[in-house]
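The structure file structure.cif is reproduced below (mmCIF, C-alpha atoms and all ligand atoms).
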```
data_entry
loop_
_atom_site.label_atom_id
_atom_site.label_comp_id
_atom_site.auth_asym_id
_atom_site.auth_seq_id
_atom_site.Cartn_x
_atom_site.Cartn_y
_atom_site.Cartn_z
CA MET T 1 145.10 106.86 16.74
CA THR T 2 143.36 109.41 18.94
CA GLU T 3 141.01 106.82 20.50
CA SER T 4 143.98 105.29 22.35
CA MET T 5 145.04 108.77 23.51
CA GLN T 6 144.06 110.56 26.69
CA ALA T 7 145.16 113.84 28.27
CA TRP T 8 145.03 115.48 31.69
CA ARG T 9 145.17 119.24 32.40
CA ALA T 10 146.49 120.48 35.76
CA GLN T 11 149.63 121.88 37.32
CA LEU T 12 152.38 119.60 36.08
CA LEU T 13 155.69 118.50 37.63
CA ARG T 14 158.22 116.60 35.52
CA PHE T 15 161.96 115.96 35.71
CA ASP T 16 164.70 115.88 33.09
CA SER T 17 167.09 112.93 33.16
CA ASP T 18 169.54 114.81 35.42
CA GLY T 19 166.92 115.51 38.07
CA ARG T 20 166.14 119.10 37.18
CA PRO T 21 162.44 119.82 37.81
CA ALA T 22 160.17 121.35 35.17
CA TYR T 23 156.91 122.91 36.34
CA ASP T 24 153.90 124.22 34.43
CA SER T 25 151.25 126.09 36.43
CA ASP T 26 148.79 125.21 33.63
CA GLY T 27 150.11 122.00 32.13
CA LEU T 28 148.91 119.23 29.86
CA LEU T 29 149.99 115.59 29.91
CA VAL T 30 149.14 113.63 26.76
CA THR T 31 149.36 109.83 26.80
CA ARG T 32 148.75 106.97 24.37
CA ARG T 33 148.19 103.28 24.97
CA ASP T 34 150.72 101.52 22.74
CA ALA T 35 150.38 98.18 20.96
CA ASP T 36 152.00 96.38 23.93
CA GLY T 37 149.12 97.63 26.14
CA VAL T 38 151.29 100.09 28.09
CA ARG T 39 150.29 103.75 28.32
CA ARG T 40 153.16 106.14 27.60
CA VAL T 41 153.69 109.91 27.62
CA VAL T 42 153.38 111.35 24.12
CA ASP T 43 153.69 115.02 24.97
CA ALA T 44 153.80 117.20 28.07
CA GLY T 45 154.29 120.85 28.96
CA ALA T 46 152.44 124.17 28.99
CA HIS T 47 148.77 123.64 28.09
CA ALA T 48 148.62 126.28 25.35
CA ALA T 49 151.50 124.79 23.38
CA VAL T 50 150.75 121.10 23.94
CA ALA T 51 146.98 121.36 23.34
CA ALA T 52 147.62 123.02 19.98
CA ARG T 53 149.57 119.93 18.87
CA HIS T 54 146.80 117.49 19.90
CA PRO T 55 143.47 119.17 19.12
CA ALA T 56 141.42 115.93 18.94
CA VAL T 57 142.57 114.26 22.16
CA PRO T 58 139.99 114.15 24.98
CA VAL T 59 141.15 116.14 28.03
CA GLU T 60 140.24 115.64 31.68
CA SER T 61 140.55 118.95 33.49
CA LEU T 62 141.71 118.87 37.10
CA PRO T 63 141.64 122.49 38.28
CA GLY T 64 143.79 123.26 41.32
CA ARG T 65 145.45 119.84 41.21
CA LEU T 66 149.12 118.87 40.67
CA ILE T 67 150.15 115.98 38.40
CA ALA T 68 153.51 114.43 39.30
CA PRO T 69 155.40 111.19 38.53
CA GLY T 70 154.26 108.18 40.57
CA PHE T 71 156.52 107.54 43.55
CA ILE T 72 159.06 104.71 43.50
CA ASP T 73 159.90 102.81 46.70
CA MET T 74 163.37 101.28 46.31
CA HIS T 75 163.12 98.90 49.27
CA VAL T 76 160.09 97.55 51.10
CA HIS T 77 159.08 94.24 52.72
CA TYR T 78 155.46 93.53 51.81
CA PRO T 79 155.21 90.71 54.42
CA GLN T 80 156.17 93.18 57.15
CA THR T 81 153.04 95.29 56.62
CA ASP T 82 151.57 93.96 59.87
CA ILE T 83 154.66 94.62 62.02
CA ILE T 84 155.05 98.30 61.20
CA GLY T 85 155.66 100.15 64.47
CA SER T 86 157.05 97.22 66.47
CA PRO T 87 159.61 98.60 68.91
CA ALA T 88 162.97 96.96 69.64
CA ASP T 89 166.38 97.95 70.98
CA GLY T 90 167.84 97.55 67.50
CA LEU T 91 167.83 95.57 64.28
CA LEU T 92 168.80 92.10 65.51
CA PRO T 93 166.25 91.78 68.35
CA TRP T 94 163.62 93.33 66.06
CA LEU T 95 164.27 90.61 63.46
CA GLU T 96 164.10 87.85 66.06
CA ASN T 97 161.08 89.05 68.02
CA TYR T 98 158.82 90.45 65.31
CA THR T 99 160.07 89.94 61.77
CA PHE T 100 160.79 86.24 61.57
CA PRO T 101 157.58 85.18 63.40
CA ALA T 102 155.49 87.41 61.09
CA GLU T 103 157.26 86.15 57.96
CA SER T 104 156.84 82.48 58.95
CA ARG T 105 153.08 82.88 58.37
CA PHE T 106 153.70 83.34 54.63
CA ALA T 107 154.06 79.60 54.18
CA ASP T 108 150.24 79.87 53.90
CA PRO T 109 149.34 81.07 50.36
CA ALA T 110 145.97 82.43 51.51
CA HIS T 111 147.66 84.63 54.12
CA ALA T 112 150.21 85.80 51.55
CA ALA T 113 147.45 86.68 49.07
CA GLU T 114 145.46 88.62 51.67
CA VAL T 115 148.49 90.67 52.78
CA ALA T 116 149.56 91.28 49.16
CA ARG T 117 146.13 92.75 48.37
CA PHE T 118 146.28 95.03 51.41
CA PHE T 119 149.88 96.02 50.59
CA PHE T 120 149.08 97.08 47.02
CA ASP T 121 146.00 98.98 48.21
CA GLU T 122 148.25 100.82 50.65
CA LEU T 123 150.85 101.64 47.96
CA ALA T 124 148.06 103.06 45.79
CA ARG T 125 146.62 105.14 48.66
CA ASN T 126 150.09 106.64 49.06
CA GLY T 127 150.84 107.26 45.39
CA VAL T 128 153.54 104.59 45.07
CA THR T 129 153.40 103.07 41.60
CA THR T 130 156.62 101.00 41.56
CA ALA T 131 158.47 99.18 44.32
CA LEU T 132 161.40 96.82 44.72
CA ALA T 133 160.10 94.44 47.37
CA PHE T 134 161.18 91.56 49.53
CA ALA T 135 158.74 88.67 49.80
CA THR T 136 159.63 85.93 52.34
CA SER T 137 161.61 82.70 51.95
CA HIS T 138 158.41 80.91 50.86
CA PRO T 139 157.97 80.73 47.06
CA ALA T 140 154.19 81.09 47.50
CA SER T 141 154.78 84.58 48.93
CA VAL T 142 156.40 85.60 45.62
CA ASP T 143 153.54 84.16 43.57
CA ALA T 144 151.07 86.11 45.73
CA PHE T 145 153.04 89.33 45.19
CA PHE T 146 153.35 89.07 41.42
CA THR T 147 149.83 87.72 40.89
CA GLU T 148 148.39 90.81 42.56
CA ALA T 149 150.82 93.21 40.82
CA GLU T 150 149.95 91.73 37.44
CA ARG T 151 146.22 91.98 38.11
CA ARG T 152 146.71 95.70 38.76
CA GLY T 153 149.03 96.21 35.75
CA LEU T 154 151.86 97.63 37.87
CA ARG T 155 155.60 97.85 37.23
CA MET T 156 156.88 95.89 40.24
CA MET T 157 160.02 94.00 41.22
CA GLY T 158 160.36 91.42 43.96
CA GLY T 159 161.83 88.11 44.98
CA LYS T 160 162.07 85.17 47.34
CA VAL T 161 164.26 85.77 50.37
CA LEU T 162 167.33 83.53 50.63
CA GLN T 163 168.26 82.68 54.23
CA ASP T 164 169.68 79.22 54.86
CA ARG T 165 171.51 79.93 58.16
CA HIS T 166 171.22 81.91 61.41
CA SER T 167 167.46 81.91 60.87
CA PRO T 168 164.77 80.16 62.92
CA ASP T 169 162.55 77.28 61.83
CA GLY T 170 159.68 78.59 59.74
CA VAL T 171 161.74 81.02 57.67
CA ARG T 172 165.05 79.18 57.15
CA ASP T 173 165.34 77.64 53.67
CA GLN T 174 167.56 74.91 52.24
CA THR T 175 170.51 75.83 50.07
CA GLU T 176 169.90 73.69 46.98
CA GLN T 177 166.12 74.02 47.03
CA SER T 178 166.27 77.80 47.57
CA LEU T 179 168.32 78.23 44.39
CA LEU T 180 166.08 75.90 42.38
CA ASP T 181 163.04 77.83 43.63
CA THR T 182 164.67 81.15 42.68
CA GLU T 183 165.45 79.88 39.19
CA ALA T 184 161.86 78.67 38.70
CA LEU T 185 160.48 82.01 39.94
CA ILE T 186 162.74 83.92 37.53
CA ALA T 187 161.41 81.77 34.68
CA ARG T 188 157.80 82.34 35.79
CA TRP T 189 157.85 86.06 36.51
CA HIS T 190 160.88 87.97 35.20
CA GLY T 191 159.99 90.12 32.20
CA ARG T 192 156.33 89.08 32.24
CA GLY T 193 154.53 92.33 31.36
CA ARG T 194 156.01 94.99 33.64
CA LEU T 195 157.18 92.56 36.32
CA GLY T 196 160.83 91.93 37.20
CA TYR T 197 162.53 89.40 39.45
CA ALA T 198 164.96 90.38 42.21
CA ILE T 199 167.45 87.80 43.51
CA THR T 200 167.20 88.35 47.26
CA PRO T 201 169.91 87.16 49.68
CA ARG T 202 168.49 88.57 52.95
CA PHE T 203 171.90 89.74 54.26
CA ALA T 204 175.34 88.21 54.59
CA PRO T 205 174.80 86.73 58.08
CA SER T 206 171.74 84.74 56.93
CA CYS T 207 173.23 83.16 53.78
CA SER T 208 175.82 80.37 53.61
CA ASP T 209 178.75 80.71 51.22
CA ALA T 210 177.12 78.14 48.94
CA GLN T 211 173.87 80.13 48.85
CA MET T 212 175.72 83.39 48.13
CA HIS T 213 177.70 81.73 45.31
CA GLY T 214 174.47 80.30 43.91
CA ALA T 215 172.74 83.67 44.05
CA ALA T 216 175.64 85.34 42.24
CA GLU T 217 175.68 82.61 39.60
CA LEU T 218 171.96 83.17 38.93
CA ALA T 219 172.57 86.92 38.76
CA ARG T 220 175.28 86.37 36.13
CA ARG T 221 173.07 84.06 34.08
CA HIS T 222 170.14 86.51 34.25
CA PRO T 223 171.78 89.94 33.91
CA THR T 224 168.52 91.91 33.64
CA THR T 225 167.25 90.65 36.99
CA TRP T 226 167.69 92.79 40.09
CA ILE T 227 169.69 91.86 43.20
CA GLN T 228 168.49 93.19 46.57
CA SER T 229 169.92 92.86 50.04
CA HIS T 230 170.91 94.82 53.15
CA VAL T 231 174.32 96.23 54.09
CA ALA T 232 175.90 98.20 56.94
CA GLU T 233 172.64 99.07 58.68
CA ASN T 234 173.48 98.57 62.33
CA LYS T 235 176.70 98.45 64.36
CA ASP T 236 175.99 95.05 65.96
CA GLU T 237 175.24 93.65 62.52
CA VAL T 238 178.50 95.08 61.11
CA ARG T 239 180.43 93.51 64.01
CA TRP T 240 178.77 90.15 63.35
CA VAL T 241 179.76 90.26 59.67
CA ARG T 242 183.34 91.10 60.63
CA GLU T 243 183.43 87.96 62.80
CA LEU T 244 181.92 85.81 60.04
CA TYR T 245 184.23 87.17 57.30
CA PRO T 246 187.50 88.32 58.96
CA GLU T 247 189.26 88.21 55.59
CA ALA T 248 186.92 90.77 53.96
CA ARG T 249 187.97 94.42 53.89
CA SER T 250 184.46 95.53 54.87
CA TYR T 251 180.84 94.36 55.04
CA LEU T 252 180.25 95.59 51.48
CA ASP T 253 183.38 93.76 50.34
CA VAL T 254 181.74 90.47 51.37
CA TYR T 255 179.15 90.98 48.63
CA GLN T 256 181.84 92.06 46.16
CA ARG T 257 183.85 88.87 46.79
CA PHE T 258 180.80 86.76 45.97
CA GLY T 259 180.07 88.79 42.82
CA LEU T 260 176.88 90.39 44.08
CA LEU T 261 177.64 94.03 43.21
CA ARG T 262 176.54 95.20 39.77
CA GLU T 263 174.06 97.46 38.00
CA ARG T 264 170.54 96.69 39.22
CA ALA T 265 171.95 95.55 42.58
CA VAL T 266 170.25 97.53 45.36
CA TYR T 267 171.46 97.52 48.97
CA ALA T 268 169.29 98.95 51.71
CA HIS T 269 170.73 101.33 54.32
CA CYS T 270 174.47 101.76 53.46
CA ILE T 271 175.02 103.70 56.69
CA HIS T 272 178.28 102.40 58.11
CA LEU T 273 180.34 102.58 54.89
CA ASP T 274 183.74 104.16 54.34
CA ALA T 275 185.14 106.03 51.33
CA ALA T 276 186.46 102.84 49.69
CA ASP T 277 183.00 101.25 50.01
CA ARG T 278 181.33 104.28 48.43
CA GLN T 279 183.80 104.19 45.57
CA LEU T 280 183.11 100.47 45.11
CA MET T 281 179.37 101.16 44.98
CA HIS T 282 180.04 103.76 42.29
CA ASP T 283 182.47 101.64 40.28
CA THR T 284 180.14 98.64 40.16
CA GLY T 285 176.95 100.65 39.47
CA THR T 286 175.42 99.36 42.70
CA ALA T 287 172.68 101.50 44.26
CA ALA T 288 171.79 102.41 47.85
CA ALA T 289 168.17 102.34 49.02
CA VAL T 290 168.14 105.10 51.64
CA SER T 291 165.56 104.25 54.31
CA PRO T 292 165.43 107.18 56.72
CA THR T 293 162.26 106.40 58.71
CA SER T 294 163.57 102.89 59.35
CA ASN T 295 167.01 104.14 60.32
CA LEU T 296 165.55 106.67 62.76
CA PHE T 297 163.01 104.17 64.17
CA LEU T 298 165.51 101.35 64.75
CA GLY T 299 168.27 103.75 65.82
CA SER T 300 170.54 102.48 63.05
CA GLY T 301 172.23 105.77 62.16
CA PHE T 302 172.24 108.49 59.50
CA PHE T 303 172.86 108.00 55.78
CA ASP T 304 175.77 110.22 54.68
CA TYR T 305 174.39 112.21 51.73
CA ALA T 306 177.59 114.21 51.30
CA GLY T 307 179.65 111.01 51.15
CA ALA T 308 177.29 109.57 48.55
CA ALA T 309 177.59 112.75 46.47
CA ARG T 310 181.40 112.79 46.72
CA HIS T 311 181.63 109.36 45.14
CA GLY T 312 178.71 109.72 42.72
CA MET T 313 177.04 106.76 44.39
CA LEU T 314 173.61 105.87 42.98
CA HIS T 315 170.92 106.26 45.60
CA GLY T 316 167.21 106.85 46.09
CA LEU T 317 164.54 106.69 48.76
CA ALA T 318 162.76 103.76 50.33
CA SER T 319 160.19 103.14 53.06
CA ASP T 320 161.71 99.87 54.33
CA VAL T 321 158.33 99.00 55.87
CA GLY T 322 158.09 97.31 58.41
CA GLY T 323 161.38 98.67 59.85
CA GLY T 324 160.20 101.94 58.29
CA THR T 325 157.30 103.68 59.95
CA SER T 326 155.25 104.81 56.94
CA PHE T 327 154.23 103.91 53.41
CA SER T 328 153.92 107.63 52.67
CA PRO T 329 156.61 109.07 50.36
CA PHE T 330 155.97 112.44 52.04
CA HIS T 331 156.95 111.03 55.43
CA THR T 332 160.02 109.37 53.89
CA MET T 333 161.12 112.58 52.13
CA LEU T 334 160.70 114.57 55.35
CA ALA T 335 162.75 112.02 57.30
CA ALA T 336 165.43 112.21 54.59
CA TYR T 337 165.46 115.97 54.99
CA PHE T 338 166.01 115.58 58.76
CA VAL T 339 168.80 113.07 58.11
CA GLY T 340 170.42 115.47 55.65
CA ARG T 341 170.26 118.23 58.28
CA GLU T 342 171.97 115.96 60.82
CA GLY T 343 174.78 115.41 58.32
CA ARG T 344 174.86 119.11 57.55
CA SER T 345 176.64 120.11 60.75
CA LYS T 346 179.53 117.93 59.64
CA THR T 347 179.44 118.25 55.86
CA GLY T 348 177.57 121.39 54.83
CA LEU T 349 175.02 119.50 52.70
CA SER T 350 171.33 120.38 52.63
CA LEU T 351 168.70 118.73 50.47
CA ALA T 352 166.40 120.85 48.32
CA PRO T 353 162.73 119.78 48.17
CA SER T 354 162.95 119.02 44.44
CA GLN T 355 166.03 116.84 45.11
CA LEU T 356 164.15 114.89 47.76
CA TRP T 357 161.25 114.45 45.31
CA TRP T 358 163.67 113.32 42.56
CA GLN T 359 165.16 110.72 44.90
CA HIS T 360 161.71 109.18 45.28
CA THR T 361 160.81 109.32 41.53
CA GLY T 362 163.21 109.69 38.60
CA GLY T 363 166.36 109.39 40.70
CA ALA T 364 165.09 106.14 42.20
CA ALA T 365 164.25 104.93 38.68
CA ARG T 366 167.77 105.72 37.49
CA ALA T 367 169.31 103.97 40.50
CA LEU T 368 167.17 100.91 39.68
CA GLY T 369 168.32 100.86 36.05
CA LEU T 370 164.92 102.15 34.91
CA GLY T 371 166.00 105.60 33.70
CA GLY T 372 163.97 106.57 30.65
CA VAL T 373 161.28 104.05 31.61
CA ILE T 374 159.47 105.56 34.62
CA GLY T 375 159.74 108.38 37.15
CA THR T 376 160.01 111.58 35.08
CA LEU T 377 156.93 111.96 32.82
CA GLN T 378 159.30 112.68 29.95
CA ARG T 379 158.13 111.78 26.45
CA GLY T 380 158.29 108.05 25.79
CA THR T 381 158.24 107.05 29.47
CA GLU T 382 155.48 104.99 31.02
CA ALA T 383 152.55 107.09 32.26
CA ASP T 384 152.47 106.16 35.95
CA PHE T 385 151.42 109.33 37.74
CA VAL T 386 149.67 110.80 40.74
CA VAL T 387 147.19 113.65 41.01
CA LEU T 388 147.74 115.59 44.23
CA ASN T 389 145.26 117.90 45.91
CA PRO T 390 147.26 120.72 47.55
CA GLN T 391 144.02 121.78 49.31
CA ALA T 392 143.59 118.36 50.95
CA THR T 393 143.65 119.78 54.50
CA PRO T 394 143.01 123.31 55.82
CA LEU T 395 146.66 123.79 56.71
CA LEU T 396 147.88 122.45 53.34
CA ALA T 397 145.47 124.78 51.53
CA ARG T 398 146.62 127.77 53.58
CA LYS T 399 150.31 126.97 53.26
CA THR T 400 150.41 126.00 49.56
CA ALA T 401 148.41 129.13 48.64
CA ARG T 402 151.32 131.13 50.06
CA ALA T 403 154.05 129.26 48.17
CA GLY T 404 156.10 131.74 46.13
CA SER T 405 158.16 129.22 44.17
CA LEU T 406 158.17 125.56 43.10
CA GLU T 407 160.59 124.71 45.92
CA GLU T 408 158.29 126.32 48.49
CA LEU T 409 155.30 124.42 47.09
CA LEU T 410 157.12 121.07 47.16
CA PHE T 411 158.45 121.75 50.65
CA ALA T 412 154.93 122.48 51.94
CA LEU T 413 153.72 119.18 50.47
CA ILE T 414 156.68 117.24 51.93
CA VAL T 415 156.36 118.72 55.41
CA LEU T 416 152.55 118.61 55.70
CA GLY T 417 151.62 115.82 53.29
CA ASP T 418 150.45 112.24 53.67
CA ASP T 419 147.97 109.92 51.93
CA ARG T 420 145.26 112.63 52.07
CA LEU T 421 147.18 114.47 49.32
CA ILE T 422 146.75 111.61 46.83
CA GLU T 423 143.51 112.18 44.95
CA LEU T 424 144.06 109.86 42.00
CA VAL T 425 146.68 107.37 40.83
CA VAL T 426 146.94 106.51 37.13
CA THR T 427 149.14 103.59 36.16
CA ALA T 428 150.25 102.76 32.65
N1 LIG D 501 168.46 92.95 57.68
C1 LIG D 501 168.13 91.68 57.41
N2 LIG D 501 166.79 91.53 57.30
C2 LIG D 501 166.26 92.75 57.49
C3 LIG D 501 164.92 93.26 57.48
O1 LIG D 501 163.93 92.54 57.29
N3 LIG D 501 164.78 94.58 57.72
C4 LIG D 501 165.83 95.41 57.93
N4 LIG D 501 165.60 96.70 58.14
N5 LIG D 501 167.09 94.97 57.95
C5 LIG D 501 167.30 93.65 57.72
ZN ZN D 502 164.83 95.95 54.55
#
```
Could the structure of this file be written out as structure tokens, please?
Ligand code: GUN
Ligand code: ZN
Amino acid sequence: MTESMQAWRAQLLRFDSDGRPAYDSDGLLVTRRDADGVRRVVDAGAHAAVAARHPAVPVESLPGRLIAPGFIDMHVHYPQTDIIGSPADGLLPWLENYTFPAESRFADPAHAAEVARFFFDELARNGVTTALAFATSHPASVDAFFTEAERRGLRMMGGKVLQDRHSPDGVRDQTEQSLLDTEALIARWHGRGRLGYAITPRFAPSCSDAQMHGAAELARRHPTTWIQSHVAENKDEVRWVRELYPEARSYLDVYQRFGLLRERAVYAHCIHLDAADRQLMHDTGTAAAVSPTSNLFLGSGFFDYAGAARHGMLHGLASDVGGGTSFSPFHTMLAAYFVGREGRSKTGLSLAPSQLWWQHTGGAARALGLGGVIGTLQRGTEADFVVLNPQATPLLARKTARAGSLEELLFALIVLGDDRLIELVVTA
């Protein structure tokens, strides 16, 4: 038994299933590779107590380092890696001028494979161990994504973009074929190892009624798949949806009418929602992927954290690269903090560092329907974790040495951190 076990000794950050942090200044994380080939947490906590229970397990000591759950990115476009930092007046011109031309290149499988390799390298550099990702409308872009994720043994979700209208040549797909392709990709990839398929209508304006109905039908027939899309990101977009669907109560209601709100359905942005929308998100178990660097970069608006809390709406953090400006979870958490402060003048809500961290780990896992699987380093969960070096830069070393509490330590890492903090990534 012990030969399949391995342990790491360092400072240790975990979460309970309600998002409360647990911290050991001298911790031990004990893992075992199970019969299915996946490494899981067997025991974790204060070194003295945990080591006594596992005297024969080999231990790697990492003095001065912090072990924490791997980060989870709830919404990212891997084919937009090359258009990060492309300026535009707002969402719709950005899509037309940068996004669609870049995505049209993914008809070429060799290009898709090259970008997928770079993308996963970049996730690893930044400590991101799971993501829910858009590919493009080309099935080969999905194969490239999952082939690379499987090679690296990662827990990853993704899917082929559906967009059969209001989209230029090169990315527009055909209704019938797009649904057949989606079904074949579900059969090929969903539930293979740690991979999961996400049915991916790009957003309401880009999908015909027939394509939306087809997507919802597939989601009903495959209830453990994910659904991912965008909603209420930008005011011009919201106006466009109102023109396209005058009978719908709201933008979100369009998805509800087609049957596209359920558990494991994840909608990016969720900025221009009202109270009835937030309640509908809650009642259907639908989650919001909050994408603060994207929303600030594209001038889309500010996610209402207090509104989300009032309705118990599932939510977590996302980079939304390439609308987002960074793969780094530290940059995303800091942007979320700024967004929370903006809301604070109206609502009185402020986000604690450990809450921000939870939204990018265990809270994101819960919102994705993966509570108890990843994101907390609780016993029985998959051992995807990062080893951080709080001395990675002179300023980080100086600041973290002065931290008088866990919240102060996490805040220093969020405010000053980036990929230099990530010393090692271990995936299950
Ligand atoms: N809405 C529809 N497509 C996109 C996209 O690629 N990025 C963002 N941020 N919003 C979208
Ligand atoms: Zn997006």
Closest of T:Ala276, T:Leu317, T:Val290, T:Val386 to Ala10 of chain T - atom-to-atom distances counting only C-alpha atoms:
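Ranking T:Ala276, T:Leu317, T:Val290, T:Val386 by distance to Ala10 of chain T, first place goes to T:Val386.
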Which residues come within 12 Å of Gly193 of chain T, counting all atoms listed in the file, excluding same-chain residues fewer than 6 positions away, as a PyMOL selection string?
chain T and resi 36-38+146-147+149-157+428
Polymer residues at most 8 Å from Gly372 of chain T, only C-alpha atoms, same-chain spacing of 4 or more positions, as a PyMOL selection string:
chain T and resi 17+366+376+378+380-381
Kindly compile the residues surrounding ligand LIG 501 (chain D) within 9 Å, counting only C-alpha atoms and all ligand atoms, and format them as a VMD selection string.
chain T and resid 76 to 77 80 91 to 92 94 to 95 99 to 100 134 202 to 206 229 to 231 233 to 234 237 268 to 269 291 294 to 295 298 320 to 324
Filtering to C-alpha atoms, could you give me those residues as a PDB file, keeping the file's coordinate frame?
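selection_36.pdb was written with the following content:
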```pdb
ATOM      1  CA  VAL T  76     160.090  97.550  51.100  1.00  0.00           C
ATOM      2  CA  HIS T  77     159.080  94.240  52.720  1.00  0.00           C
ATOM      3  CA  GLN T  80     156.170  93.180  57.150  1.00  0.00           C
ATOM      4  CA  LEU T  91     167.830  95.570  64.280  1.00  0.00           C
ATOM      5  CA  LEU T  92     168.800  92.100  65.510  1.00  0.00           C
ATOM      6  CA  TRP T  94     163.620  93.330  66.060  1.00  0.00           C
ATOM      7  CA  LEU T  95     164.270  90.610  63.460  1.00  0.00           C
ATOM      8  CA  THR T  99     160.070  89.940  61.770  1.00  0.00           C
ATOM      9  CA  PHE T 100     160.790  86.240  61.570  1.00  0.00           C
ATOM     10  CA  PHE T 134     161.180  91.560  49.530  1.00  0.00           C
ATOM     11  CA  ARG T 202     168.490  88.570  52.950  1.00  0.00           C
ATOM     12  CA  PHE T 203     171.900  89.740  54.260  1.00  0.00           C
ATOM     13  CA  ALA T 204     175.340  88.210  54.590  1.00  0.00           C
ATOM     14  CA  PRO T 205     174.800  86.730  58.080  1.00  0.00           C
ATOM     15  CA  SER T 206     171.740  84.740  56.930  1.00  0.00           C
ATOM     16  CA  SER T 229     169.920  92.860  50.040  1.00  0.00           C
ATOM     17  CA  HIS T 230     170.910  94.820  53.150  1.00  0.00           C
ATOM     18  CA  VAL T 231     174.320  96.230  54.090  1.00  0.00           C
ATOM     19  CA  GLU T 233     172.640  99.070  58.680  1.00  0.00           C
ATOM     20  CA  ASN T 234     173.480  98.570  62.330  1.00  0.00           C
ATOM     21  CA  GLU T 237     175.240  93.650  62.520  1.00  0.00           C
ATOM     22  CA  ALA T 268     169.290  98.950  51.710  1.00  0.00           C
ATOM     23  CA  HIS T 269     170.730 101.330  54.320  1.00  0.00           C
ATOM     24  CA  SER T 291     165.560 104.250  54.310  1.00  0.00           C
ATOM     25  CA  SER T 294     163.570 102.890  59.350  1.00  0.00           C
ATOM     26  CA  ASN T 295     167.010 104.140  60.320  1.00  0.00           C
ATOM     27  CA  LEU T 298     165.510 101.350  64.750  1.00  0.00           C
ATOM     28  CA  ASP T 320     161.710  99.870  54.330  1.00  0.00           C
ATOM     29  CA  VAL T 321     158.330  99.000  55.870  1.00  0.00           C
ATOM     30  CA  GLY T 322     158.090  97.310  58.410  1.00  0.00           C
ATOM     31  CA  GLY T 323     161.380  98.670  59.850  1.00  0.00           C
ATOM     32  CA  GLY T 324     160.200 101.940  58.290  1.00  0.00           C
TER      33      GLY T 324
END
```
With only C-alpha atoms as the basis for distance, which of T:Ser86, T:His190, T:Glu148, T:Gly64 is at the shortest distance from Ala392 of chain T?
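Of T:Ser86, T:His190, T:Glu148, T:Gly64, the one nearest Ala392 of chain T is T:Gly64, counting only C-alpha atoms.
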One-decimal distance in Å that lies between atom CA of Ala364 of chain T and atom CA of Gly45 of chain T
22.5 Å
Give the answer as one residue: which of T:Tyr255, T:Phe15, T:Phe71, T:Trp240 has the shortest atom-to-atom distance to Thr284 of chain T, using all atoms listed in the file?
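That would be T:Tyr255, the residue with the smallest distance to Thr284 of chain T.
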Write out as a count of residues only which residues come within 6 Å of Thr136 of chain T when counting all atoms listed in the file, dropping same-chain ones fewer than 2 positions away.
3
Give me the residues within 9 Å of Thr81 of chain T as a list in words, counting all atoms listed in the file and dropping any in the same chain fewer than 2 places off.
His77, Tyr78, Pro79, Ile83, Ile84, Val115, Phe118, Phe119, Val321 and Gly322 of chain T
A straight line from atom CA of Ala56 of chain T to atom CA of Asp16 of chain T spans 27.2 Å
Nearest to Gln391 of chain T, chosen from T:Leu28, T:Ala216, T:Val57, T:Leu66, with only C-alpha atoms counted in the distances:
T:Leu66
Shortest interatomic distance to Ala135 of chain T - which of T:Leu123, T:Ile199, T:Val426, T:Leu334, counting only C-alpha atoms:
T:Ile199
Every residue with an atom at most 6 Å from (145.1, 108.1, 26.1) (file coordinates; all atoms listed in the file) is what I'm after, so could you write them as a list of chain:residue names?
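Those within range, by chain then number, are T:Ser4, T:Met5, T:Gln6, T:Thr31, T:Arg32, T:Arg33.
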Could those residues be written to a file, using C-alpha atoms, as a compact mmCIF listing (two decimals), in the coordinates of the input?
```txt
# COMPACT_ATOMS: atom_id res chain seq x y z
CA SER T 4 143.98 105.29 22.35
CA MET T 5 145.04 108.77 23.51
CA GLN T 6 144.06 110.56 26.69
CA THR T 31 149.36 109.83 26.80
CA ARG T 32 148.75 106.97 24.37
CA ARG T 33 148.19 103.28 24.97
```
Determine, counting only C-alpha atoms, which protein, DNA and RNA residues have an atom within 10 Å of an atom of Ala308 of chain T; residues of the same chain fewer than 3 positions away are not included. Present the result as an MDAnalysis selection string.
chainID T and resid 270 273 275 278:279 281:282 288 303:305 311:315
